[in-house]
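Asks: Structure file target_14.csv (CSV, C-alpha atoms) right here:
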chain,number,residue,atom,x,y,z
A,23,MET,CA,-87.7,-17.9,16.9
A,24,GLU,CA,-84.5,-19.4,15.7
A,25,ALA,CA,-81.3,-18.8,17.8
A,26,PRO,CA,-78.6,-16.7,16.2
A,27,THR,CA,-76.1,-18.9,14.3
A,28,SER,CA,-73.1,-16.7,15.2
A,29,SER,CA,-71.0,-17.8,18.2
A,30,ILE,CA,-68.9,-15.7,20.5
A,31,LEU,CA,-66.0,-18.1,19.9
A,32,GLU,CA,-65.7,-17.0,16.3
A,33,ILE,CA,-62.8,-14.5,15.8
A,34,PRO,CA,-63.3,-11.7,13.3
A,35,GLU,CA,-61.0,-11.7,10.3
A,36,THR,CA,-59.7,-8.3,11.2
A,37,THR,CA,-58.3,-9.5,14.5
A,38,ALA,CA,-56.7,-12.6,13.0
A,39,THR,CA,-54.6,-10.5,10.6
A,40,LEU,CA,-53.2,-8.3,13.4
A,41,SER,CA,-50.8,-11.0,14.6
A,42,GLU,CA,-49.2,-11.3,11.2
A,43,PRO,CA,-46.2,-9.0,10.8
A,44,PRO,CA,-46.4,-6.5,7.9
A,45,ARG,CA,-44.8,-7.6,4.7
A,46,LYS,CA,-42.7,-4.4,4.4
A,47,ALA,CA,-41.4,-4.9,8.0
A,48,ARG,CA,-40.3,-8.4,7.2
A,49,GLY,CA,-38.6,-7.2,4.0
A,50,GLY,CA,-36.8,-4.5,5.9
A,51,ILE,CA,-35.5,-6.9,8.5
A,52,ARG,CA,-34.3,-9.2,5.7
A,53,ASN,CA,-32.5,-6.3,3.9
A,54,VAL,CA,-30.8,-5.3,7.2
A,55,ALA,CA,-29.6,-8.9,7.8
A,56,LEU,CA,-28.3,-9.1,4.2
A,57,CYS,CA,-26.4,-5.8,4.6
A,58,VAL,CA,-24.8,-7.0,7.9
A,59,LEU,CA,-23.7,-10.3,6.2
A,60,ALA,CA,-22.3,-8.4,3.2
A,61,VAL,CA,-20.3,-6.1,5.5
A,62,LEU,CA,-18.9,-9.1,7.4
A,63,ALA,CA,-18.0,-10.8,4.2
A,64,VAL,CA,-16.2,-7.7,2.9
A,65,VAL,CA,-14.3,-7.4,6.2
A,66,PHE,CA,-13.3,-11.0,6.1
A,67,PHE,CA,-12.2,-10.7,2.5
A,68,LEU,CA,-10.1,-7.6,3.3
A,69,HIS,CA,-8.4,-9.4,6.1
A,70,GLN,CA,-7.7,-12.6,4.3
A,71,ALA,CA,-6.5,-10.9,1.0
A,72,LYS,CA,-4.2,-8.3,2.7
A,73,ASP,CA,-1.1,-9.8,1.0
A,74,ILE,CA,-2.6,-9.0,-2.4
A,75,LEU,CA,-4.6,-5.9,-1.6
A,76,VAL,CA,-1.9,-3.9,0.2
A,77,PRO,CA,0.6,-3.9,-2.7
A,78,ILE,CA,-2.2,-3.0,-5.1
A,79,VAL,CA,-3.3,-0.1,-2.9
A,80,LEU,CA,0.3,1.1,-2.4
A,81,ALA,CA,1.0,1.0,-6.2
A,82,ILE,CA,-2.2,2.9,-7.0
A,83,LEU,CA,-1.3,5.6,-4.4
A,84,LEU,CA,2.3,5.9,-5.8
A,85,SER,CA,0.9,6.2,-9.3
A,86,TYR,CA,-1.4,9.0,-8.2
A,87,ALA,CA,1.5,10.8,-6.7
A,88,LEU,CA,3.8,10.4,-9.7
A,89,ASN,CA,1.3,10.8,-12.4
A,90,PRO,CA,1.5,14.6,-12.6
A,91,LEU,CA,5.2,14.4,-13.1
A,92,VAL,CA,4.8,11.7,-15.8
A,93,ASP,CA,2.2,13.9,-17.6
A,94,ARG,CA,4.6,16.8,-17.5
A,95,CYS,CA,7.4,14.7,-19.0
A,96,SER,CA,4.9,13.5,-21.7
A,97,GLY,CA,4.3,17.2,-22.5
A,98,TRP,CA,8.1,17.4,-23.2
A,99,LYS,CA,7.7,14.6,-25.8
A,100,ILE,CA,9.3,12.0,-23.5
A,101,PRO,CA,7.6,8.6,-23.7
A,102,ARG,CA,5.5,7.7,-20.7
A,103,ALA,CA,7.3,4.3,-20.2
A,104,LEU,CA,10.7,6.0,-20.2
A,105,SER,CA,9.7,8.8,-17.8
A,106,ALA,CA,7.9,6.4,-15.4
A,107,GLY,CA,11.0,4.2,-15.3
A,108,ILE,CA,13.3,7.2,-14.7
A,109,LEU,CA,11.1,8.6,-11.9
A,110,LEU,CA,10.9,5.3,-10.1
A,111,LEU,CA,14.6,4.6,-10.4
A,112,ALA,CA,15.3,8.1,-9.1
A,113,GLY,CA,13.0,7.6,-6.1
A,114,VAL,CA,14.5,4.3,-5.2
A,115,GLY,CA,18.0,5.6,-5.6
A,116,LEU,CA,17.3,8.6,-3.4
A,117,LEU,CA,15.9,6.4,-0.6
A,118,SER,CA,18.8,4.0,-0.9
A,119,PHE,CA,21.3,6.8,-0.7
A,120,SER,CA,19.6,8.3,2.4
A,121,ILE,CA,19.7,4.9,4.2
A,122,HIS,CA,23.3,4.3,3.1
A,123,ALA,CA,24.4,7.8,4.3
A,124,MET,CA,23.1,6.9,7.8
A,125,ASP,CA,24.3,3.3,7.7
A,126,ASP,CA,27.0,3.9,10.3
A,127,GLN,CA,24.7,5.6,12.7
A,128,LEU,CA,22.0,3.0,12.3
A,129,THR,CA,24.5,0.2,12.8
A,130,THR,CA,25.8,1.8,16.0
A,131,ILE,CA,22.3,2.2,17.4
A,132,VAL,CA,21.4,-1.4,16.6
A,133,ASN,CA,24.6,-2.7,18.2
A,134,GLY,CA,24.0,-0.6,21.3
A,135,LEU,CA,20.5,-1.9,21.9
A,136,PRO,CA,21.6,-4.8,24.2
A,137,GLU,CA,23.6,-2.4,26.4
A,138,ALA,CA,20.8,0.1,26.4
A,139,ALA,CA,18.3,-2.6,27.5
A,140,GLN,CA,20.7,-3.6,30.3
A,141,ASN,CA,21.0,0.0,31.4
A,142,ILE,CA,17.3,0.4,31.5
A,143,ARG,CA,16.9,-2.7,33.5
A,144,GLN,CA,19.6,-1.5,36.0
A,145,VAL,CA,17.8,1.9,36.4
A,146,ILE,CA,14.5,0.2,37.1
A,147,ARG,CA,16.1,-2.2,39.5
A,148,GLU,CA,17.8,0.7,41.4
A,149,GLU,CA,14.5,2.6,41.4
A,150,PHE,CA,12.4,-0.1,42.9
A,151,ARG,CA,15.1,-1.7,45.0
A,152,GLY,CA,16.5,0.8,47.4
A,153,ASP,CA,17.8,0.1,50.8
A,154,GLY,CA,15.9,-3.0,51.8
A,155,SER,CA,14.0,-3.5,48.6
A,156,ARG,CA,10.4,-2.1,48.7
A,157,ILE,CA,9.0,-5.1,46.9
A,158,GLN,CA,10.6,-7.5,49.4
A,159,LYS,CA,9.3,-5.4,52.3
A,160,MET,CA,5.8,-5.5,50.9
A,161,GLN,CA,6.0,-9.3,50.5
A,162,GLN,CA,7.3,-9.7,54.0
A,163,ALA,CA,4.5,-7.6,55.4
A,164,ALA,CA,2.0,-9.8,53.5
A,165,ARG,CA,3.5,-12.9,55.0
A,166,GLU,CA,3.3,-11.5,58.5
A,167,LEU,CA,-0.3,-10.5,58.1
A,168,GLU,CA,-1.1,-14.0,56.8
A,169,LYS,CA,0.7,-15.6,59.8
A,170,ALA,CA,-1.2,-13.4,62.2
A,171,ALA,CA,-4.6,-14.3,60.7
A,172,ARG,CA,-3.8,-18.0,61.0
A,173,GLU,CA,-2.8,-17.6,64.6
A,174,ALA,CA,-6.0,-15.7,65.4
A,175,SER,CA,-8.2,-18.4,63.8
A,176,GLY,CA,-6.4,-21.3,65.4
A,177,ALA,CA,-5.2,-22.8,62.2
A,178,PRO,CA,-1.8,-24.4,62.1
A,179,VAL,CA,0.9,-22.0,61.0
A,180,ALA,CA,2.5,-23.2,57.8
A,181,GLY,CA,6.2,-23.1,57.5
A,182,PRO,CA,8.0,-21.2,54.9
A,183,ARG,CA,7.0,-22.0,51.4
A,184,PRO,CA,9.5,-23.9,49.4
A,185,ALA,CA,11.1,-22.0,46.6
A,186,PRO,CA,9.6,-22.8,43.3
A,187,PRO,CA,11.7,-25.0,41.0
A,188,PRO,CA,13.8,-23.0,38.5
A,189,ALA,CA,12.1,-22.7,35.1
A,190,ALA,CA,13.5,-24.8,32.4
A,191,GLU,CA,15.5,-22.7,30.0
A,192,SER,CA,14.0,-22.6,26.6
A,193,SER,CA,16.4,-23.8,23.9
A,194,PHE,CA,17.2,-21.2,21.3
A,195,ASN,CA,17.7,-22.5,17.8
A,196,LEU,CA,19.8,-19.9,15.9
A,197,GLN,CA,19.4,-21.7,12.6
A,198,SER,CA,15.6,-21.7,12.7
A,199,TYR,CA,15.6,-18.0,13.9
A,200,LEU,CA,17.8,-16.9,11.0
A,201,TRP,CA,15.8,-19.0,8.5
A,202,SER,CA,12.5,-17.4,9.7
A,203,GLY,CA,14.0,-14.0,9.6
A,204,SER,CA,15.3,-14.5,6.1
A,205,LEU,CA,11.9,-15.7,4.9
A,206,GLY,CA,10.3,-12.5,6.4
A,207,ALA,CA,12.9,-10.3,4.7
A,208,LEU,CA,12.4,-12.2,1.4
A,209,GLY,CA,8.6,-11.7,1.6
A,210,PHE,CA,9.1,-8.0,2.3
A,211,LEU,CA,11.4,-7.5,-0.7
A,212,THR,CA,9.0,-9.5,-2.9
A,213,GLN,CA,6.2,-7.1,-2.0
A,214,ILE,CA,8.4,-4.1,-2.7
A,215,PHE,CA,9.2,-5.4,-6.1
A,216,ILE,CA,5.5,-6.1,-6.8
A,217,VAL,CA,4.7,-2.5,-5.8
A,218,LEU,CA,7.4,-1.0,-8.0
A,219,PHE,CA,6.5,-3.0,-11.1
A,220,LEU,CA,2.7,-2.4,-10.7
A,221,THR,CA,3.3,1.3,-10.2
A,222,TYR,CA,5.4,1.3,-13.4
A,223,PHE,CA,2.7,-0.4,-15.4
A,224,LEU,CA,0.0,2.0,-14.0
A,225,LEU,CA,2.1,5.0,-14.9
A,226,ALA,CA,3.1,3.7,-18.3
A,227,SER,CA,-0.5,2.8,-19.2
A,228,GLY,CA,-1.7,6.4,-18.8
A,229,ASP,CA,-5.5,6.9,-18.9
A,230,LEU,CA,-6.2,3.4,-20.1
A,231,PHE,CA,-8.1,2.4,-17.0
A,232,LYS,CA,-10.1,5.6,-17.1
A,233,ARG,CA,-11.3,4.8,-20.6
A,234,LYS,CA,-12.3,1.3,-19.5
A,235,VAL,CA,-14.2,2.8,-16.6
A,236,MET,CA,-16.1,5.0,-19.0
A,237,LYS,CA,-17.0,2.0,-21.1
A,238,ILE,CA,-18.2,0.1,-18.0
A,239,VAL,CA,-20.4,3.0,-16.9
A,240,GLY,CA,-22.4,2.9,-20.1
A,241,PRO,CA,-23.7,5.3,-22.7
A,242,SER,CA,-25.3,7.7,-20.2
A,243,LEU,CA,-23.7,11.1,-20.4
A,244,VAL,CA,-24.6,12.0,-16.8
A,245,ARG,CA,-23.0,8.8,-15.4
A,246,LYS,CA,-19.9,9.4,-17.4
A,247,LYS,CA,-19.5,13.0,-16.1
A,248,VAL,CA,-20.0,11.7,-12.5
A,249,ALA,CA,-17.4,8.9,-13.0
A,250,ILE,CA,-14.9,11.3,-14.6
A,251,GLN,CA,-15.3,13.8,-11.7
A,252,ILE,CA,-14.9,11.1,-9.1
A,253,LEU,CA,-11.7,9.8,-10.6
A,254,LYS,CA,-10.4,13.3,-11.1
A,255,ASP,CA,-11.1,14.3,-7.5
A,256,ILE,CA,-9.7,11.1,-6.1
A,257,GLU,CA,-6.4,11.6,-8.0
A,258,THR,CA,-6.2,15.3,-7.0
A,259,GLN,CA,-6.9,14.7,-3.3
A,260,ILE,CA,-4.5,11.8,-2.9
A,261,ALA,CA,-1.7,13.4,-4.9
A,262,ARG,CA,-2.0,16.6,-2.9
A,263,PHE,CA,-2.1,14.7,0.3
A,264,LEU,CA,1.0,12.6,-0.4
A,265,ARG,CA,3.0,15.6,-1.6
A,266,LEU,CA,2.0,17.6,1.5
A,267,GLN,CA,2.8,14.6,3.8
A,268,LEU,CA,6.2,14.3,2.2
A,269,PHE,CA,6.8,18.0,2.8
A,270,VAL,CA,5.7,17.8,6.4
A,271,SER,CA,7.9,14.7,7.1
A,272,VAL,CA,11.0,16.4,5.6
A,273,LEU,CA,10.3,19.6,7.6
A,274,VAL,CA,9.8,17.7,10.9
A,275,GLY,CA,12.8,15.4,10.3
A,276,GLY,CA,15.1,18.4,9.6
A,277,ALA,CA,13.9,20.4,12.6
A,278,SER,CA,14.2,17.3,14.8
A,279,TRP,CA,17.7,16.6,13.5
A,280,LEU,CA,19.0,20.2,14.1
A,281,THR,CA,17.4,20.4,17.6
A,282,LEU,CA,18.7,17.1,18.8
A,283,LYS,CA,22.2,17.9,17.4
A,284,TRP,CA,22.1,21.2,19.3
A,285,ILE,CA,21.2,19.4,22.5
A,286,GLY,CA,24.0,16.9,21.9
A,287,VAL,CA,22.1,13.7,21.3
A,288,ASP,CA,24.2,11.0,19.7
A,289,HIS,CA,23.2,10.0,16.2
A,290,ALA,CA,20.9,13.0,15.7
A,291,ALA,CA,20.6,12.4,12.0
A,292,ALA,CA,19.3,8.9,12.4
A,293,TRP,CA,16.8,10.0,15.1
A,294,GLY,CA,15.7,12.9,12.8
A,295,PHE,CA,15.1,10.4,10.0
A,296,ALA,CA,13.1,8.3,12.5
A,297,ASN,CA,11.0,11.4,13.4
A,298,ALA,CA,10.4,12.0,9.7
A,299,LEU,CA,9.1,8.4,9.2
A,300,ALA,CA,6.9,8.7,12.3
A,301,THR,CA,4.9,11.5,10.7
A,302,TRP,CA,3.4,8.9,8.2
A,303,ILE,CA,1.8,7.0,11.1
A,304,PRO,CA,-1.0,9.3,12.4
A,305,TYR,CA,-1.4,9.9,16.1
A,306,PHE,CA,0.6,6.8,17.2
A,307,GLY,CA,3.9,7.4,15.4
A,308,PRO,CA,4.7,10.9,16.9
A,309,ALA,CA,3.8,9.7,20.4
A,310,ALA,CA,5.9,6.5,20.2
A,311,ILE,CA,9.0,8.3,18.9
A,312,THR,CA,8.7,11.0,21.5
A,313,ILE,CA,8.7,8.4,24.3
A,314,VAL,CA,11.6,6.6,22.8
A,315,MET,CA,13.6,9.9,22.5
A,316,VAL,CA,12.9,10.7,26.2
A,317,VAL,CA,14.3,7.2,27.2
A,318,ILE,CA,17.3,7.7,24.9
A,319,GLY,CA,18.0,11.1,26.4
A,320,TYR,CA,17.8,9.8,29.9
A,321,MET,CA,20.1,6.9,29.1
A,322,GLN,CA,22.7,9.2,27.5
A,323,PHE,CA,22.7,12.2,29.9
A,324,GLY,CA,21.5,10.5,33.1
A,325,THR,CA,19.3,13.4,34.1
A,326,MET,CA,15.5,13.7,33.9
A,327,SER,CA,15.8,17.4,33.1
A,328,THR,CA,17.6,16.8,29.8
A,329,ALA,CA,15.2,14.0,28.9
A,330,ALA,CA,12.3,16.3,29.6
A,331,LEU,CA,13.9,18.9,27.5
A,332,ILE,CA,14.2,16.5,24.5
A,333,GLY,CA,10.6,15.4,24.9
A,334,GLY,CA,9.4,19.0,25.3
A,335,VAL,CA,11.3,20.1,22.1
A,336,LEU,CA,9.7,17.3,20.1
A,337,VAL,CA,6.3,18.2,21.5
A,338,VAL,CA,6.8,21.8,20.5
A,339,ILE,CA,7.8,20.8,17.0
A,340,ARG,CA,4.7,18.6,16.7
A,341,THR,CA,2.5,21.4,18.1
A,342,LEU,CA,3.8,23.9,15.6
A,343,GLU,CA,3.2,21.4,12.9
A,344,GLY,CA,-0.4,20.9,14.1
A,345,MET,CA,-1.1,24.7,14.4
A,346,LEU,CA,0.5,25.8,11.1
A,347,LEU,CA,0.3,22.8,8.8
A,348,LEU,CA,-2.6,20.7,10.1
A,349,PRO,CA,-5.4,23.0,8.9
A,350,TRP,CA,-3.8,22.9,5.4
A,351,LEU,CA,-3.5,19.1,5.6
A,352,THR,CA,-7.1,18.8,6.9
A,353,GLY,CA,-8.2,20.8,3.9
A,354,CYS,CA,-6.5,18.3,1.6
A,355,GLN,CA,-8.2,15.4,3.3
A,356,ALA,CA,-11.5,16.1,1.7
A,357,HIS,CA,-12.7,17.9,4.9
A,358,MET,CA,-12.9,14.8,7.0
A,359,ASN,CA,-13.5,15.0,10.7
A,360,THR,CA,-10.9,13.7,13.2
A,361,VAL,CA,-13.1,11.0,14.7
A,362,ALA,CA,-13.8,9.4,11.4
A,363,VAL,CA,-10.1,9.4,10.5
A,364,PHE,CA,-9.1,7.9,13.9
A,365,ILE,CA,-11.8,5.2,13.6
A,366,ALA,CA,-10.5,4.4,10.1
A,367,ILE,CA,-7.0,4.1,11.4
A,368,LEU,CA,-8.1,1.6,14.1
A,369,PHE,CA,-10.1,-0.4,11.6
A,370,PHE,CA,-7.5,-0.7,8.9
A,371,GLY,CA,-4.8,-1.2,11.5
A,372,TRP,CA,-6.8,-4.1,12.8
A,373,ILE,CA,-7.2,-5.9,9.4
A,374,TRP,CA,-3.9,-4.9,7.7
A,375,GLY,CA,-1.5,-4.1,10.6
A,376,VAL,CA,1.0,-1.3,10.1
A,377,TRP,CA,0.2,-1.0,6.4
A,378,GLY,CA,-3.4,-0.4,7.3
A,379,ILE,CA,-2.4,2.5,9.6
A,380,LEU,CA,-0.5,4.1,6.8
A,381,LEU,CA,-3.2,3.6,4.2
A,382,ALA,CA,-6.2,4.5,6.3
A,383,SER,CA,-6.3,8.2,5.5
A,384,PRO,CA,-5.9,8.0,1.7
A,385,LEU,CA,-8.5,5.2,1.5
A,386,MET,CA,-11.0,7.2,3.6
A,387,MET,CA,-10.4,10.2,1.4
A,388,ALA,CA,-11.2,8.2,-1.7
A,389,PHE,CA,-14.3,6.8,-0.1
A,390,LYS,CA,-15.4,10.3,1.0
A,391,VAL,CA,-15.0,11.6,-2.6
A,392,VAL,CA,-17.2,8.7,-3.9
A,393,CYS,CA,-19.8,9.5,-1.3
A,394,ASP,CA,-19.8,13.2,-2.2
A,395,HIS,CA,-20.8,12.4,-5.9
A,396,ILE,CA,-23.4,9.7,-5.4
A,397,GLU,CA,-26.8,10.8,-4.2
A,398,THR,CA,-27.7,7.7,-2.2
A,399,LEU,CA,-24.4,8.0,-0.2
A,400,LYS,CA,-24.7,11.6,0.7
A,401,PRO,CA,-25.7,10.7,4.3
A,402,VAL,CA,-22.4,8.8,4.7
A,403,SER,CA,-20.5,11.7,3.3
A,404,GLU,CA,-22.2,14.0,5.8
A,405,LEU,CA,-21.2,11.6,8.6
A,406,LEU,CA,-17.6,11.6,7.6
A,407,GLY,CA,-17.4,15.3,6.9
A,408,ASP,CA,-16.1,17.9,9.4
For the file at hand, write its structure as C-alpha cells.

Replies:
Amino acid sequence: MEAPTSSILEIPETTATLSEPPRKARGGIRNVALCVLAVLAVVFFLHQAKDILVPIVLAILLSYALNPLVDRCSGWKIPRALSAGILLLAGVGLLSFSIHAMDDQLTTIVNGLPEAAQNIRQVIREEFRGDGSRIQKMQQAARELEKAAREASGAPVAGPRPAPPPAAESSFNLQSYLWSGSLGALGFLTQIFIVLFLTYFLLASGDLFKRKVMKIVGPSLVRKKVAIQILKDIETQIARFLRLQLFVSVLVGGASWLTLKWIGVDHAAAWGFANALATWIPYFGPAAITIVMVVIGYMQFGTMSTAALIGGVLVVIRTLEGMLLLPWLTGCQAHMNTVAVFIAILFFGWIWGVWGILLASPLMMAFKVVCDHIETLKPVSELLGD
C-alpha cells in the first residue's frame, strides 16, 4: 500500500488566512488616521491664519447683528449702502463718545497704577514681615537644623554662605519700547479698519452671498431648502445672541456703576464700564473684574469689610444676571450645554487668544445649527446640546 502523500507540516489554507487583517478593518484604521490628520491640519491653519480669520469672523458677526436694521431701512426706501454707512458711523461715534466721556477717569486710573502697585507691595510686606520677619525666622530655623545635622554626622560645619552677587540691572531702552508699542497699536487700528470696511461691504451687498451659496449647492430643491434654513437659523441665532449680550452688558454696567457710586468707590463710572466689557468674556471676565474690584476697594478704604462688601455686591449682580437672564441667554445659544461652551472657550482661546474667547460662543452656535440640519452630523449636535 502506498503511504499517504499529505504531510502534517502542511498548513490548511483556512488557517493561513486568519493572520491577515480584514480589509474593512484596515480601511477603518486608514480613515481614522486621515481624519486625525485633517483635524490637526485644520487646527494648525486656524492658529497660523488668525490675523486674517479673526477680522473676517468679527465682520460677519457684526453684519448679522446690523442686517435687520439695514433691512428695515431698505423698507423705508433708503439705499442699503447709505443705511449701512450711517449705522456703522453711528456705532463708532457712540463708542468713541463713551470712551471720551470717561477719559478723565481712565487717565486718573492709569496714572495711579504705579502708586497702587507700591501700596499693594507695602501691604504684602507688612503682612508677611511682622515683628522679626516670619520668612527670616523660617530661614534661620532651616540653617540651624542644617548645622545640627552636620555636627551630628561629624561633617565640618560650613561658615555662613556668602551673599550672592547683585543681579545686573537690565537696561531699559525707552525708544525700542515706544516703537514696539506703536507698532502694536498700529496693527490693532489696522484690524479695526479692516473689520469696519468688511462689515460695510457685507451689509451693502445684501443677500448676494446667499444667492451664490444657492448656486453652489446645485439644482436639488431639497439641498437648497436645507441651505436656506441653515443660513436663516445662523443669522437669527447670532443676531439674537449679540443683541441680548449687549442688553446684559449695559444692564450689568449700569447696576455696577450705581452700586459702586453708592459705596463711594472712586471712578465708579469707569469701573462700571469695565464690568460691562467683562460680560463679553464668559466665565473669566466676571471673575477677573471682581477680584480687581476687591483689591481696589481694599486699597481705597483700607478695610477688608468694605472690600468684601464690594466683592459681595458684584457677585450678587452676577448671580441675579445668571438666575434671571441666563436661561433666556441659554435659549438663544441654540440650546448648547455649558460643558461644550466652556471647552470651546478654552480651545478658541488657545488658538486665537482673547479674540478666541470672545468669538467662541457665536462660532459654536453656528456649528450647532449646521449639525442640526445635516443628518450625518446629528450625533455631534446631540453631543453639543443641553

Asks: Could you pull the residues within 10 Å of Ala123 in chain A, counting all atoms listed in the file, minus those fewer than 5 positions along the same chain, as a list in words?

Replies: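 Selected residues are Leu117, Ser118, Leu128, Ala291 and Ala292 of chain A.
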
Asks: Using only C-alpha atoms, pick whichever of A:Thr341, A:Gln70, A:Thr398, A:Ser85 has the shortest atom-to-atom distance to Ala106 in chain A.

Replies: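 Counting only C-alpha atoms, the residue closest to Ala106 in chain A is A:Ser85.
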
Asks: From the set A:Gly319, A:Gly240, A:Gly334, A:Gly97, which residue has the shortest atom-to-atom contact distance to Val287 in chain A, counting only C-alpha atoms?

Replies: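 Of all the options, A:Gly319 lies closest to Val287 in chain A.
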
Asks: Compare A:Lys283, A:Val316, A:Ala362, A:Val248 by their minimum atom-to-atom distance to Thr328 in chain A, counting all atoms listed in the file, and give me the closest one.

Replies: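 Once distances to Thr328 in chain A are computed over all atoms listed in the file, the minimum belongs to A:Val316.
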
Asks: Might you pull out every residue within 9 Å of Leu83 in chain A, with only C-alpha atoms counted and same-chain residues fewer than 2 positions away left off, and present them as an mmCIF file with C-alpha atoms, in the coordinates of the input?

Replies:
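Below is the file selection-v1.cif, written as the result:
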data_model
loop_
_atom_site.group_PDB
_atom_site.id
_atom_site.type_symbol
_atom_site.label_atom_id
_atom_site.label_comp_id
_atom_site.auth_asym_id
_atom_site.auth_seq_id
_atom_site.Cartn_x
_atom_site.Cartn_y
_atom_site.Cartn_z
ATOM 1 C CA ILE A 78 -2.200 -3.000 -5.100
ATOM 2 C CA VAL A 79 -3.300 -0.100 -2.900
ATOM 3 C CA LEU A 80 0.300 1.100 -2.400
ATOM 4 C CA ALA A 81 1.000 1.000 -6.200
ATOM 5 C CA SER A 85 0.900 6.200 -9.300
ATOM 6 C CA TYR A 86 -1.400 9.000 -8.200
ATOM 7 C CA ALA A 87 1.500 10.800 -6.700
ATOM 8 C CA LEU A 88 3.800 10.400 -9.700
ATOM 9 C CA THR A 221 3.300 1.300 -10.200
ATOM 10 C CA GLU A 257 -6.400 11.600 -8.000
ATOM 11 C CA ILE A 260 -4.500 11.800 -2.900
ATOM 12 C CA ALA A 261 -1.700 13.400 -4.900
ATOM 13 C CA LEU A 264 1.000 12.600 -0.400
ATOM 14 C CA PRO A 384 -5.900 8.000 1.700
#

Asks: Show me as a list of chain:residue names the residues that reach within 7 Å of (3.9, 5.8, -19.1), counting only C-alpha atoms and using the file's own coordinates.

Replies: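 Checking each residue against the 7 Å limit leaves A:Val92, A:Pro101, A:Arg102, A:Ala103, A:Leu104, A:Ser105, A:Ala106, A:Leu225, A:Ala226, A:Ser227, A:Gly228.
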
Asks: May I ask for the distance between CA of Ala71 in chain A and CA of Thr301 in chain A, given in Å to one decimal place?

Replies: 26.9 Å

Asks: Within 12 Å of Asp394 in chain A, counting all atoms listed in the file, which residues show up once you throw out same-chain ones fewer than 2 positions away? Write them as an MDAnalysis selection string, please.

Replies: chainID A and resid 248:249 251:252 255:256 356:358 387:392 396:407

Asks: Counting all atoms listed in the file, which of A:Leu253, A:Val363, A:Ile313, A:Met321 gets nearest to Leu336 in chain A?

Replies: A:Ile313

Asks: For the atom pair CA of Asp408 in chain A and CA of Val76 in chain A, what is the interatomic distance in Å to one decimal place?

Replies: 27.6 Å

Asks: Would you compute the distance between CA of Gly276 in chain A and CA of Val338 in chain A? Give it in Å to one decimal.

Replies: 14.1 Å

Asks: If you count only C-alpha atoms, which residues fall within 10 Å of Ile318 in chain A, apart from same-chain ones fewer than 4 positions away, as a list in words?

Replies: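 Residues near the query, excluding close chain neighbours: Ala138, Ile142, Val287, Asp288, Thr312, Ile313, Val314, Gln322, Phe323, Gly324, Ala329 and Ile332 of chain A.
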
Asks: Can you report as JSON the centre and edge lengths in Å, to one decimal, of an axis-aligned box around the listed atoms of range 375-380 of chain A padded with 8 Å on each side?

Replies:
{"center_x": -1.2, "center_y": 0.0, "center_z": 8.5, "size_x": 20.4, "size_y": 24.2, "size_z": 20.2}

Asks: Which residue out of A:Val317, A:Ile367, A:Ile82, A:Leu62 has the minimum interatomic distance to Ile216 in chain A when only C-alpha atoms are used?

Replies: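 Using only C-alpha atoms, Ile216 in chain A sits closest to A:Ile82.
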
Asks: With distances taken over all atoms listed in the file, which residue among A:Met386, A:Leu342, A:Leu56, A:Trp279 lies nearest Asn359 in chain A?

Replies: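 Between A:Met386, A:Leu342, A:Leu56, A:Trp279, the residue approaching Asn359 in chain A most closely is A:Met386.
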